[in-house]
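Shown here: input15.cif, mmCIF, C-alpha atoms.
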```
data_entry
#
loop_
_atom_site.label_atom_id
_atom_site.label_comp_id
_atom_site.auth_asym_id
_atom_site.auth_seq_id
_atom_site.Cartn_x
_atom_site.Cartn_y
_atom_site.Cartn_z
CA MET A 8 0.00 0.00 0.00
CA SER A 9 1.19 3.49 -0.80
CA ALA A 10 1.77 5.94 1.98
CA PRO A 11 -0.97 8.54 2.54
CA GLY A 12 1.52 11.35 2.10
CA ARG A 13 2.58 10.07 -1.31
CA GLY A 14 -0.99 9.92 -2.53
CA ARG A 15 -1.63 13.42 -1.27
CA ASN A 16 1.46 14.68 -3.13
CA ARG A 17 0.26 13.04 -6.33
CA GLY A 18 -3.08 14.74 -5.90
CA TRP A 19 -1.45 18.15 -5.53
CA LEU A 20 0.77 17.43 -8.54
CA GLY A 21 -2.25 16.52 -10.64
CA LEU A 22 -4.02 19.69 -9.51
CA ARG A 23 -1.01 21.79 -10.49
CA TYR A 24 -0.85 20.24 -13.95
CA ALA A 25 -4.57 20.79 -14.42
CA LEU A 26 -4.20 24.44 -13.40
CA LEU A 27 -1.24 24.88 -15.76
CA CYS A 28 -3.26 23.37 -18.63
CA VAL A 29 -6.15 25.77 -17.96
CA LEU A 30 -3.77 28.75 -17.88
CA ALA A 31 -2.07 27.57 -21.07
CA VAL A 32 -5.41 27.41 -22.86
CA LEU A 33 -6.31 30.91 -21.65
CA PHE A 34 -2.98 32.33 -22.82
CA LEU A 35 -3.23 30.60 -26.21
CA LEU A 36 -6.85 31.66 -26.79
CA PRO A 37 -5.92 35.09 -28.28
CA PHE A 38 -3.52 33.40 -30.70
CA TYR A 39 -6.24 31.00 -31.77
CA VAL A 40 -8.62 33.92 -32.41
CA LEU A 41 -5.89 35.70 -34.39
CA VAL A 42 -5.20 32.70 -36.62
CA ARG A 43 -8.89 31.89 -37.03
CA ASN A 44 -9.83 35.43 -38.08
CA ALA A 45 -6.81 35.77 -40.38
CA PHE A 46 -8.25 33.02 -42.59
CA ALA A 47 -11.92 33.99 -42.18
CA SER A 48 -14.17 36.31 -44.15
CA ASN A 49 -15.58 39.55 -42.79
CA ARG A 50 -19.04 38.00 -42.64
CA LEU A 51 -17.80 35.18 -40.42
CA ILE A 52 -15.78 37.51 -38.15
CA THR A 53 -18.70 39.86 -37.54
CA ALA A 54 -21.36 37.15 -37.33
CA ALA A 55 -23.54 37.15 -34.23
CA ARG A 56 -23.06 33.41 -33.72
CA TRP A 57 -19.51 32.26 -32.98
CA ARG A 58 -18.03 29.50 -35.09
CA TRP A 59 -14.82 27.85 -34.00
CA LEU A 60 -13.47 27.26 -37.50
CA PRO A 61 -14.22 28.83 -40.89
CA ASP A 62 -15.78 26.69 -43.59
CA GLN A 63 -12.64 27.06 -45.70
CA LEU A 64 -9.30 28.77 -45.37
CA ASP A 65 -9.56 32.14 -47.10
CA LEU A 66 -6.13 33.17 -48.46
CA THR A 67 -7.50 36.29 -50.12
CA ASN A 68 -6.87 38.21 -46.90
CA PHE A 69 -3.11 37.78 -47.26
CA ARG A 70 -3.25 38.54 -50.96
CA ALA A 71 -5.15 41.76 -50.26
CA LEU A 72 -2.68 42.61 -47.51
CA PHE A 73 0.35 42.66 -49.82
CA GLU A 74 -1.45 43.94 -52.92
CA ASP A 75 -2.99 47.01 -51.29
CA GLY A 76 -1.64 50.04 -53.14
CA ASN A 77 -2.25 52.41 -50.22
CA VAL A 78 -0.46 50.26 -47.62
CA SER A 79 3.00 48.78 -48.19
CA MET A 80 3.19 45.82 -45.83
CA ALA A 81 6.44 44.45 -47.25
CA SER A 82 8.25 47.78 -46.89
CA SER A 83 6.98 48.26 -43.34
CA MET A 84 8.25 44.79 -42.39
CA LEU A 85 11.66 45.76 -43.77
CA HIS A 86 11.65 49.05 -41.86
CA SER A 87 10.73 47.27 -38.62
CA ALA A 88 13.46 44.68 -39.18
CA VAL A 89 16.14 47.32 -39.79
CA MET A 90 15.04 49.36 -36.78
CA SER A 91 14.75 46.37 -34.42
CA ILE A 92 18.04 44.71 -35.39
CA THR A 93 19.99 47.97 -35.27
CA GLN A 94 18.47 49.12 -31.99
CA THR A 95 18.93 45.71 -30.37
CA SER A 96 22.58 45.44 -31.41
CA LEU A 97 23.54 48.94 -30.25
CA THR A 98 21.50 48.70 -27.05
CA LEU A 99 23.26 45.46 -26.16
CA LEU A 100 26.65 47.05 -26.74
CA ILE A 101 25.92 50.17 -24.68
CA SER A 102 24.13 48.37 -21.85
CA LEU A 103 26.76 45.64 -21.67
CA LEU A 104 29.56 48.16 -21.16
CA ALA A 105 27.52 50.34 -18.80
CA GLY A 106 26.40 47.40 -16.67
CA TYR A 107 29.95 46.09 -16.37
CA ALA A 108 31.27 49.50 -15.34
CA LEU A 109 28.56 49.93 -12.69
CA ALA A 110 29.29 46.45 -11.31
CA ARG A 111 33.08 46.66 -11.17
CA TYR A 112 33.84 50.29 -10.35
CA ASP A 113 32.31 50.90 -6.93
CA ASN A 114 32.70 54.57 -6.00
CA ARG A 115 30.51 57.59 -5.38
CA LEU A 116 30.20 58.43 -9.05
CA SER A 117 29.16 54.93 -10.06
CA ARG A 118 26.60 54.76 -7.23
CA ALA A 119 25.19 58.14 -8.27
CA LEU A 120 24.96 56.98 -11.88
CA LEU A 121 23.23 53.79 -10.77
CA GLY A 122 20.70 55.83 -8.83
CA LEU A 123 20.01 58.06 -11.84
CA THR A 124 19.70 54.98 -14.05
CA LEU A 125 17.12 53.40 -11.76
CA PHE A 126 15.31 56.74 -11.44
CA THR A 127 14.70 56.80 -15.21
CA LEU A 128 12.75 53.56 -14.84
CA MET A 129 10.17 55.46 -12.80
CA VAL A 130 9.57 58.06 -15.52
CA PRO A 131 6.78 57.08 -17.97
CA ALA A 132 8.08 56.82 -21.51
CA ALA A 133 5.26 58.99 -22.86
CA VAL A 134 6.50 61.93 -20.77
CA THR A 135 9.78 62.02 -22.70
CA PHE A 136 8.20 61.91 -26.17
CA ILE A 137 7.71 65.66 -26.57
CA PRO A 138 11.28 66.73 -25.66
CA MET A 139 12.72 63.85 -27.71
CA PHE A 140 10.56 64.81 -30.68
CA VAL A 141 11.72 68.44 -30.46
CA MET A 142 15.38 67.39 -30.33
CA THR A 143 14.92 64.90 -33.15
CA ALA A 144 13.21 67.52 -35.32
CA GLN A 145 16.00 70.04 -34.66
CA LEU A 146 18.57 67.48 -35.75
CA GLY A 147 16.63 66.82 -38.95
CA TRP A 148 16.02 63.16 -38.15
CA ILE A 149 12.30 63.07 -38.87
CA ASP A 150 11.40 60.17 -41.17
CA SER A 151 14.84 58.56 -40.82
CA TYR A 152 16.29 55.48 -39.19
CA ARG A 153 18.42 57.69 -36.96
CA GLY A 154 15.28 59.26 -35.53
CA LEU A 155 13.73 55.84 -34.94
CA VAL A 156 16.77 54.18 -33.39
CA VAL A 157 19.03 56.68 -31.62
CA PRO A 158 16.59 58.10 -28.98
CA GLY A 159 15.91 54.60 -27.64
CA LEU A 160 19.44 53.23 -27.58
CA PHE A 161 20.04 53.53 -23.84
CA SER A 162 17.98 51.11 -21.78
CA ALA A 163 18.07 51.49 -18.01
CA PHE A 164 16.39 48.10 -17.61
CA ALA A 165 19.00 46.34 -19.77
CA THR A 166 21.83 48.13 -17.95
CA TYR A 167 20.45 47.02 -14.59
CA LEU A 168 20.13 43.41 -15.76
CA PHE A 169 23.74 43.37 -16.94
CA ARG A 170 24.94 44.93 -13.69
CA GLN A 171 23.15 42.31 -11.61
CA ASN A 172 24.63 39.58 -13.77
CA PHE A 173 28.19 40.91 -13.48
CA LEU A 174 27.89 41.22 -9.69
CA GLY A 175 27.73 37.43 -9.60
CA PHE A 176 30.42 36.90 -12.23
CA PRO A 177 33.59 35.26 -10.78
CA VAL A 178 36.18 37.99 -10.33
CA GLU A 179 38.88 35.31 -10.16
CA LEU A 180 38.57 34.73 -13.91
CA GLU A 181 39.27 38.39 -14.59
CA GLU A 182 42.20 38.44 -12.18
CA ALA A 183 43.68 35.37 -13.85
CA ALA A 184 43.45 37.09 -17.23
CA ARG A 185 45.19 40.18 -15.87
CA VAL A 186 47.97 38.01 -14.41
CA ASP A 187 48.48 36.60 -17.90
CA GLY A 188 49.03 40.16 -19.16
CA ALA A 189 45.57 41.05 -20.50
CA ASN A 190 44.45 44.66 -20.11
CA PRO A 191 40.91 45.48 -18.85
CA TRP A 192 39.54 45.88 -22.40
CA THR A 193 40.93 42.52 -23.51
CA THR A 194 39.74 40.87 -20.31
CA PHE A 195 36.22 42.12 -20.89
CA TRP A 196 35.93 40.97 -24.50
CA ARG A 197 37.92 37.72 -24.17
CA VAL A 198 36.71 36.51 -20.76
CA VAL A 199 33.64 38.35 -19.46
CA ALA A 200 31.56 38.81 -22.62
CA PRO A 201 31.91 35.22 -23.96
CA ASN A 202 30.81 33.84 -20.57
CA SER A 203 27.75 36.13 -20.44
CA LEU A 204 25.94 34.90 -23.55
CA GLY A 205 22.92 33.84 -21.48
CA ILE A 206 22.13 37.32 -20.22
CA VAL A 207 23.03 38.80 -23.61
CA GLY A 208 20.49 36.51 -25.29
CA ALA A 209 17.84 37.33 -22.68
CA VAL A 210 18.30 41.10 -22.96
CA GLY A 211 18.51 40.85 -26.74
CA THR A 212 15.19 38.98 -26.87
CA ILE A 213 13.43 41.51 -24.64
CA THR A 214 14.89 44.46 -26.56
CA PHE A 215 14.03 43.05 -29.98
CA ILE A 216 10.42 42.30 -29.01
CA GLY A 217 9.99 45.76 -27.49
CA SER A 218 11.51 47.46 -30.52
CA TRP A 219 9.43 45.44 -33.00
CA ASN A 220 6.19 46.15 -31.13
CA ALA A 221 6.90 49.88 -30.63
CA PHE A 222 4.06 52.06 -31.87
CA LEU A 223 3.92 55.58 -30.40
CA TRP A 224 7.46 56.70 -31.22
CA PRO A 225 7.48 55.29 -34.80
CA LEU A 226 4.06 56.91 -35.26
CA LEU A 227 5.53 60.33 -34.34
CA ILE A 228 8.80 60.03 -36.26
CA GLY A 229 8.05 57.72 -39.16
CA ARG A 230 6.59 58.83 -42.46
CA GLU A 231 6.44 57.15 -45.86
CA ASN A 232 10.12 56.18 -45.89
CA THR A 233 10.31 54.64 -42.39
CA ARG A 234 6.78 53.53 -41.52
CA THR A 235 6.99 50.42 -39.33
CA VAL A 236 4.68 47.44 -39.37
CA GLN A 237 2.75 48.41 -36.24
CA VAL A 238 1.94 51.83 -37.70
CA THR A 239 0.98 50.21 -40.99
CA LEU A 240 -1.51 47.92 -39.25
CA SER A 241 -3.24 50.93 -37.74
CA GLN A 242 -4.06 52.16 -41.25
CA PHE A 243 -6.62 49.38 -41.59
CA MET A 244 -8.64 51.08 -38.83
CA THR A 245 -10.21 54.27 -40.13
CA SER A 246 -13.19 56.43 -39.28
CA GLN A 247 -15.12 54.71 -42.08
CA GLY A 248 -14.66 51.27 -40.54
CA VAL A 249 -12.24 48.49 -39.76
CA ASN A 250 -11.03 45.99 -42.34
CA TYR A 251 -11.02 43.05 -39.93
CA PRO A 252 -9.89 40.22 -42.24
CA VAL A 253 -6.86 42.08 -43.59
CA LEU A 254 -6.06 43.52 -40.15
CA PHE A 255 -5.95 40.06 -38.56
CA ALA A 256 -3.92 38.72 -41.48
CA GLY A 257 -1.44 41.56 -41.07
CA ALA A 258 -1.22 40.99 -37.32
CA LEU A 259 -0.49 37.31 -37.92
CA VAL A 260 2.29 38.15 -40.37
CA ALA A 261 3.68 40.77 -37.99
CA ILE A 262 4.09 38.42 -35.03
CA ILE A 263 5.94 35.72 -36.99
CA PRO A 264 9.43 37.31 -36.53
CA VAL A 265 8.75 37.93 -32.83
CA VAL A 266 7.61 34.35 -32.22
CA GLY A 267 10.61 33.02 -34.15
CA VAL A 268 13.09 35.08 -32.12
CA PHE A 269 11.40 34.10 -28.86
CA LEU A 270 11.37 30.37 -29.65
CA PHE A 271 15.01 30.48 -30.74
CA LEU A 272 16.26 32.41 -27.69
CA GLN A 273 13.80 31.34 -24.99
CA ARG A 274 16.37 29.25 -23.12
CA PHE A 275 18.65 32.30 -22.92
CA LEU A 276 15.72 34.32 -21.59
CA VAL A 277 15.16 31.92 -18.69
CA GLU A 278 18.88 31.62 -18.00
CA GLY A 279 19.38 35.39 -18.08
CA VAL A 280 16.57 36.05 -15.61
CA GLU A 281 18.02 33.47 -13.24
CA THR A 282 21.59 34.82 -13.38
CA SER A 283 20.54 38.48 -13.17
CA GLY A 284 19.24 38.12 -9.63
CA LEU A 285 15.60 38.90 -10.54
CA LYS A 286 14.33 35.42 -9.68
#
```

In structure tokens, how does this file's structure come out?
Amino acid sequence: MSAPGRGRNRGWLGLRYALLCVLAVLFLLPFYVLVRNAFASNRLITAARWRWLPDQLDLTNFRALFEDGNVSMASSMLHSAVMSITQTSLTLLISLLAGYALARYDNRLSRALLGLTLFTLMVPAAVTFIPMFVMTAQLGWIDSYRGLVVPGLFSAFATYLFRQNFLGFPVELEEAARVDGANPWTTFWRVVAPNSLGIVGAVGTITFIGSWNAFLWPLLIGRENTRTVQVTLSQFMTSQGVNYPVLFAGALVAIIPVVGVFLFLQRFLVEGVETSGLK
């Protein structure tokens, strides 16, 4: 006979799995609605009676999405890719160096800079849009990649994550490199950075997703030459009505790069959160 405690533990384990399955279904429900409506007609989407699946997969929504002369979906995807990749790469570089400096150089100046960095996390991003827009306009960066990318290069959140990670990094490895004759710059790029790929992947994933999904700032800065995919999707919602089938098809196409990046780097995301001290 099994012990009563063991049976009780199995019951709790089964309850946990059941709860996780329910939560998984709830989280996946919006994705199901997105995929279902992307292949459905407008009549089915707006019907009073809900149907779980369309009668047939309607590919005309995707054809209309890329053949619309007023909306350039392909160009907006390219603009979003250029902005997201550039911003992610430069943000990683800046935050990596800043986080390492804040972790290794402990003095009054570094502590003051850390306090200012954390203080910026308390300021809503929308509050900074007007001064940033004025500065960007004075520099002549409206409707340019520089205007889209440069104002958002510094990330206080990414800097803090890197700092927390480097606080737990073995200092003995750096000291051994210095004994072998490596200068601080060489030590950082040959020893510290290669052993921090987990946090780099985690921060890169978060930064890329945030940059790809950005809407307000690209809406202010972007025009015809730099309109991103999120701004393009908003063009299907006008005062005359909403083109639901094409809008859902565009949303499905727009999340494919984000889902791909997340699935490819998800293990780095978990590892980075664990090593950054946020767990």

Output as a tab-separated table one row per residue of stretch 119-193 of chain A within 9 Å of stretch 92-102 of chain A: the closest atom pair and its distance in Å to one decimal place, counting only C-alpha atoms, sorted by chain and residue number ascending.
```
residue	atom	partner	partner_atom	distance
A:Leu155	CA	A:Gln94	CA	8.7
A:Val156	CA	A:Gln94	CA	5.5
A:Val157	CA	A:Gln94	CA	7.6
A:Gly159	CA	A:Gln94	CA	7.5
A:Leu160	CA	A:Thr98	CA	5.0
A:Phe161	CA	A:Thr98	CA	6.0
A:Ser162	CA	A:Ser102	CA	6.7
A:Ala163	CA	A:Ser102	CA	7.8
A:Phe164	CA	A:Ser102	CA	8.8
A:Ala165	CA	A:Ser102	CA	5.9
A:Thr166	CA	A:Ser102	CA	4.5
A:Tyr167	CA	A:Ser102	CA	8.3
A:Leu168	CA	A:Ser102	CA	8.8
A:Phe169	CA	A:Ser102	CA	7.0
A:Arg170	CA	A:Ser102	CA	8.9
```

Compare A:Ser79, A:Asn202, A:Thr143, A:Thr194 by their minimum atom-to-atom distance to A:Trp224, counting only C-alpha atoms, and give me the closest one. A:Thr143

Residues selected by the PyMOL selection byres ((chain A and resi 249-257) around 7), written as a list in words: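 Against this file, the PyMOL selection byres ((chain A and resi 249-257) around 7) returns the residues Leu41, Asn44, Ala45, Ala47, Ser48, Asn49, Asn68, Phe69, Ala71, Leu72, Leu240, Phe243, Met244, Thr245, Gly248, Ala258, Leu259, Val260 and Ala261 of chain A.
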
Which one is closest to A:Met139: A:Leu227, A:Ala221, A:Leu116, A:Ile206? Count all atoms listed in the file.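 Nearest to A:Met139: A:Leu227.
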
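Here atom CA of A:Leu103 and atom CA of A:Phe136 stand 25.1 Å from one another.
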
How would you write, as a PyMOL selection string, the residues chosen by the PyMOL selection byres ((chain A and resi 266) around 12) on this structure? chain A and resi 38+212-213+215-216+219-220+259-265+267-273

So the first atom is atom CA of A:Gly122 and the second is atom CA of A:Tyr107; what is the distance between them in Å, to one decimal place?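 These two atoms are separated by 15.4 Å.
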
Name the residues captured by the PyMOL selection byres ((chain A and resi 51) around 12) when it is applied to the shown file; answer as JSON, numbers by chain. {"A": [43, 44, 45, 46, 47, 48, 49, 50, 52, 53, 54, 55, 56, 57, 58, 59, 60, 61, 62, 63, 64, 65, 251, 252]}

Write out, as a CSV table (one decimal), in the coordinates of the input, the residues just selected, with C-alpha atoms.
```csv
chain,number,residue,atom,x,y,z
A,43,ARG,CA,-8.9,31.9,-37.0
A,44,ASN,CA,-9.8,35.4,-38.1
A,45,ALA,CA,-6.8,35.8,-40.4
A,46,PHE,CA,-8.2,33.0,-42.6
A,47,ALA,CA,-11.9,34.0,-42.2
A,48,SER,CA,-14.2,36.3,-44.2
A,49,ASN,CA,-15.6,39.6,-42.8
A,50,ARG,CA,-19.0,38.0,-42.6
A,52,ILE,CA,-15.8,37.5,-38.2
A,53,THR,CA,-18.7,39.9,-37.5
A,54,ALA,CA,-21.4,37.2,-37.3
A,55,ALA,CA,-23.5,37.2,-34.2
A,56,ARG,CA,-23.1,33.4,-33.7
A,57,TRP,CA,-19.5,32.3,-33.0
A,58,ARG,CA,-18.0,29.5,-35.1
A,59,TRP,CA,-14.8,27.8,-34.0
A,60,LEU,CA,-13.5,27.3,-37.5
A,61,PRO,CA,-14.2,28.8,-40.9
A,62,ASP,CA,-15.8,26.7,-43.6
A,63,GLN,CA,-12.6,27.1,-45.7
A,64,LEU,CA,-9.3,28.8,-45.4
A,65,ASP,CA,-9.6,32.1,-47.1
A,251,TYR,CA,-11.0,43.0,-39.9
A,252,PRO,CA,-9.9,40.2,-42.2
```

Two-atom distance - atom CA of A:Gln171, atom CA of A:Leu121 (Å): 11.5 Å

With all atoms listed in the file as the counted atoms, please give the residues lying no more than 7 Å from A:Ser83, apart from itself and same-chain residues fewer than 5 positions off, as a list in words.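 Here the answer would be Arg234, Thr235, Val236 and Thr239 of chain A.
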
Quick one: residues within 12 Å of stretch 196-201 of chain A, only C-alpha atoms counted, chain neighbours fewer than 2 positions away excluded, as an MDAnalysis selection string? chainID A and resid 99:100 103:104 106:107 111 169 172:185 189:194 203:208

Next, dump the selected residues to file, keeping only C-alpha atoms, as a PDB file, in the coordinates of the input.
```
ATOM      1  CA  LEU A  99      23.260  45.460 -26.160  1.00  0.00           C
ATOM      2  CA  LEU A 100      26.650  47.050 -26.740  1.00  0.00           C
ATOM      3  CA  LEU A 103      26.760  45.640 -21.670  1.00  0.00           C
ATOM      4  CA  LEU A 104      29.560  48.160 -21.160  1.00  0.00           C
ATOM      5  CA  GLY A 106      26.400  47.400 -16.670  1.00  0.00           C
ATOM      6  CA  TYR A 107      29.950  46.090 -16.370  1.00  0.00           C
ATOM      7  CA  ARG A 111      33.080  46.660 -11.170  1.00  0.00           C
ATOM      8  CA  PHE A 169      23.740  43.370 -16.940  1.00  0.00           C
ATOM      9  CA  ASN A 172      24.630  39.580 -13.770  1.00  0.00           C
ATOM     10  CA  PHE A 173      28.190  40.910 -13.480  1.00  0.00           C
ATOM     11  CA  LEU A 174      27.890  41.220  -9.690  1.00  0.00           C
ATOM     12  CA  GLY A 175      27.730  37.430  -9.600  1.00  0.00           C
ATOM     13  CA  PHE A 176      30.420  36.900 -12.230  1.00  0.00           C
ATOM     14  CA  PRO A 177      33.590  35.260 -10.780  1.00  0.00           C
ATOM     15  CA  VAL A 178      36.180  37.990 -10.330  1.00  0.00           C
ATOM     16  CA  GLU A 179      38.880  35.310 -10.160  1.00  0.00           C
ATOM     17  CA  LEU A 180      38.570  34.730 -13.910  1.00  0.00           C
ATOM     18  CA  GLU A 181      39.270  38.390 -14.590  1.00  0.00           C
ATOM     19  CA  GLU A 182      42.200  38.440 -12.180  1.00  0.00           C
ATOM     20  CA  ALA A 183      43.680  35.370 -13.850  1.00  0.00           C
ATOM     21  CA  ALA A 184      43.450  37.090 -17.230  1.00  0.00           C
ATOM     22  CA  ARG A 185      45.190  40.180 -15.870  1.00  0.00           C
ATOM     23  CA  ALA A 189      45.570  41.050 -20.500  1.00  0.00           C
ATOM     24  CA  ASN A 190      44.450  44.660 -20.110  1.00  0.00           C
ATOM     25  CA  PRO A 191      40.910  45.480 -18.850  1.00  0.00           C
ATOM     26  CA  TRP A 192      39.540  45.880 -22.400  1.00  0.00           C
ATOM     27  CA  THR A 193      40.930  42.520 -23.510  1.00  0.00           C
ATOM     28  CA  THR A 194      39.740  40.870 -20.310  1.00  0.00           C
ATOM     29  CA  SER A 203      27.750  36.130 -20.440  1.00  0.00           C
ATOM     30  CA  LEU A 204      25.940  34.900 -23.550  1.00  0.00           C
ATOM     31  CA  GLY A 205      22.920  33.840 -21.480  1.00  0.00           C
ATOM     32  CA  ILE A 206      22.130  37.320 -20.220  1.00  0.00           C
ATOM     33  CA  VAL A 207      23.030  38.800 -23.610  1.00  0.00           C
ATOM     34  CA  GLY A 208      20.490  36.510 -25.290  1.00  0.00           C
TER      35      GLY A 208
END
```

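Counting only C-alpha atoms, the residue from A:Val40, A:Leu35, A:Val238, A:Ile228 that sits nearest to A:Val141 is A:Ile228.
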
Given the point (12.1, 58.2, -35.7) in the file's coordinates, find the residues that have an atom at most 6 Å from it, counting all atoms listed in the file, and give them as an MDAnalysis selection string. chainID A and resid 149:151 154:155 225 228:229

Save out the residues we just selected, C-alpha atoms, as a JSON list (two decimals), in the frame of the given file.
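What follows is the written file selection_2.json:
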```json
[["chain", "number", "residue", "atom", "x", "y", "z"],
["A", 149, "ILE", "CA", 12.30, 63.07, -38.87],
["A", 150, "ASP", "CA", 11.40, 60.17, -41.17],
["A", 151, "SER", "CA", 14.84, 58.56, -40.82],
["A", 154, "GLY", "CA", 15.28, 59.26, -35.53],
["A", 155, "LEU", "CA", 13.73, 55.84, -34.94],
["A", 225, "PRO", "CA", 7.48, 55.29, -34.80],
["A", 228, "ILE", "CA", 8.80, 60.03, -36.26],
["A", 229, "GLY", "CA", 8.05, 57.72, -39.16]]
```
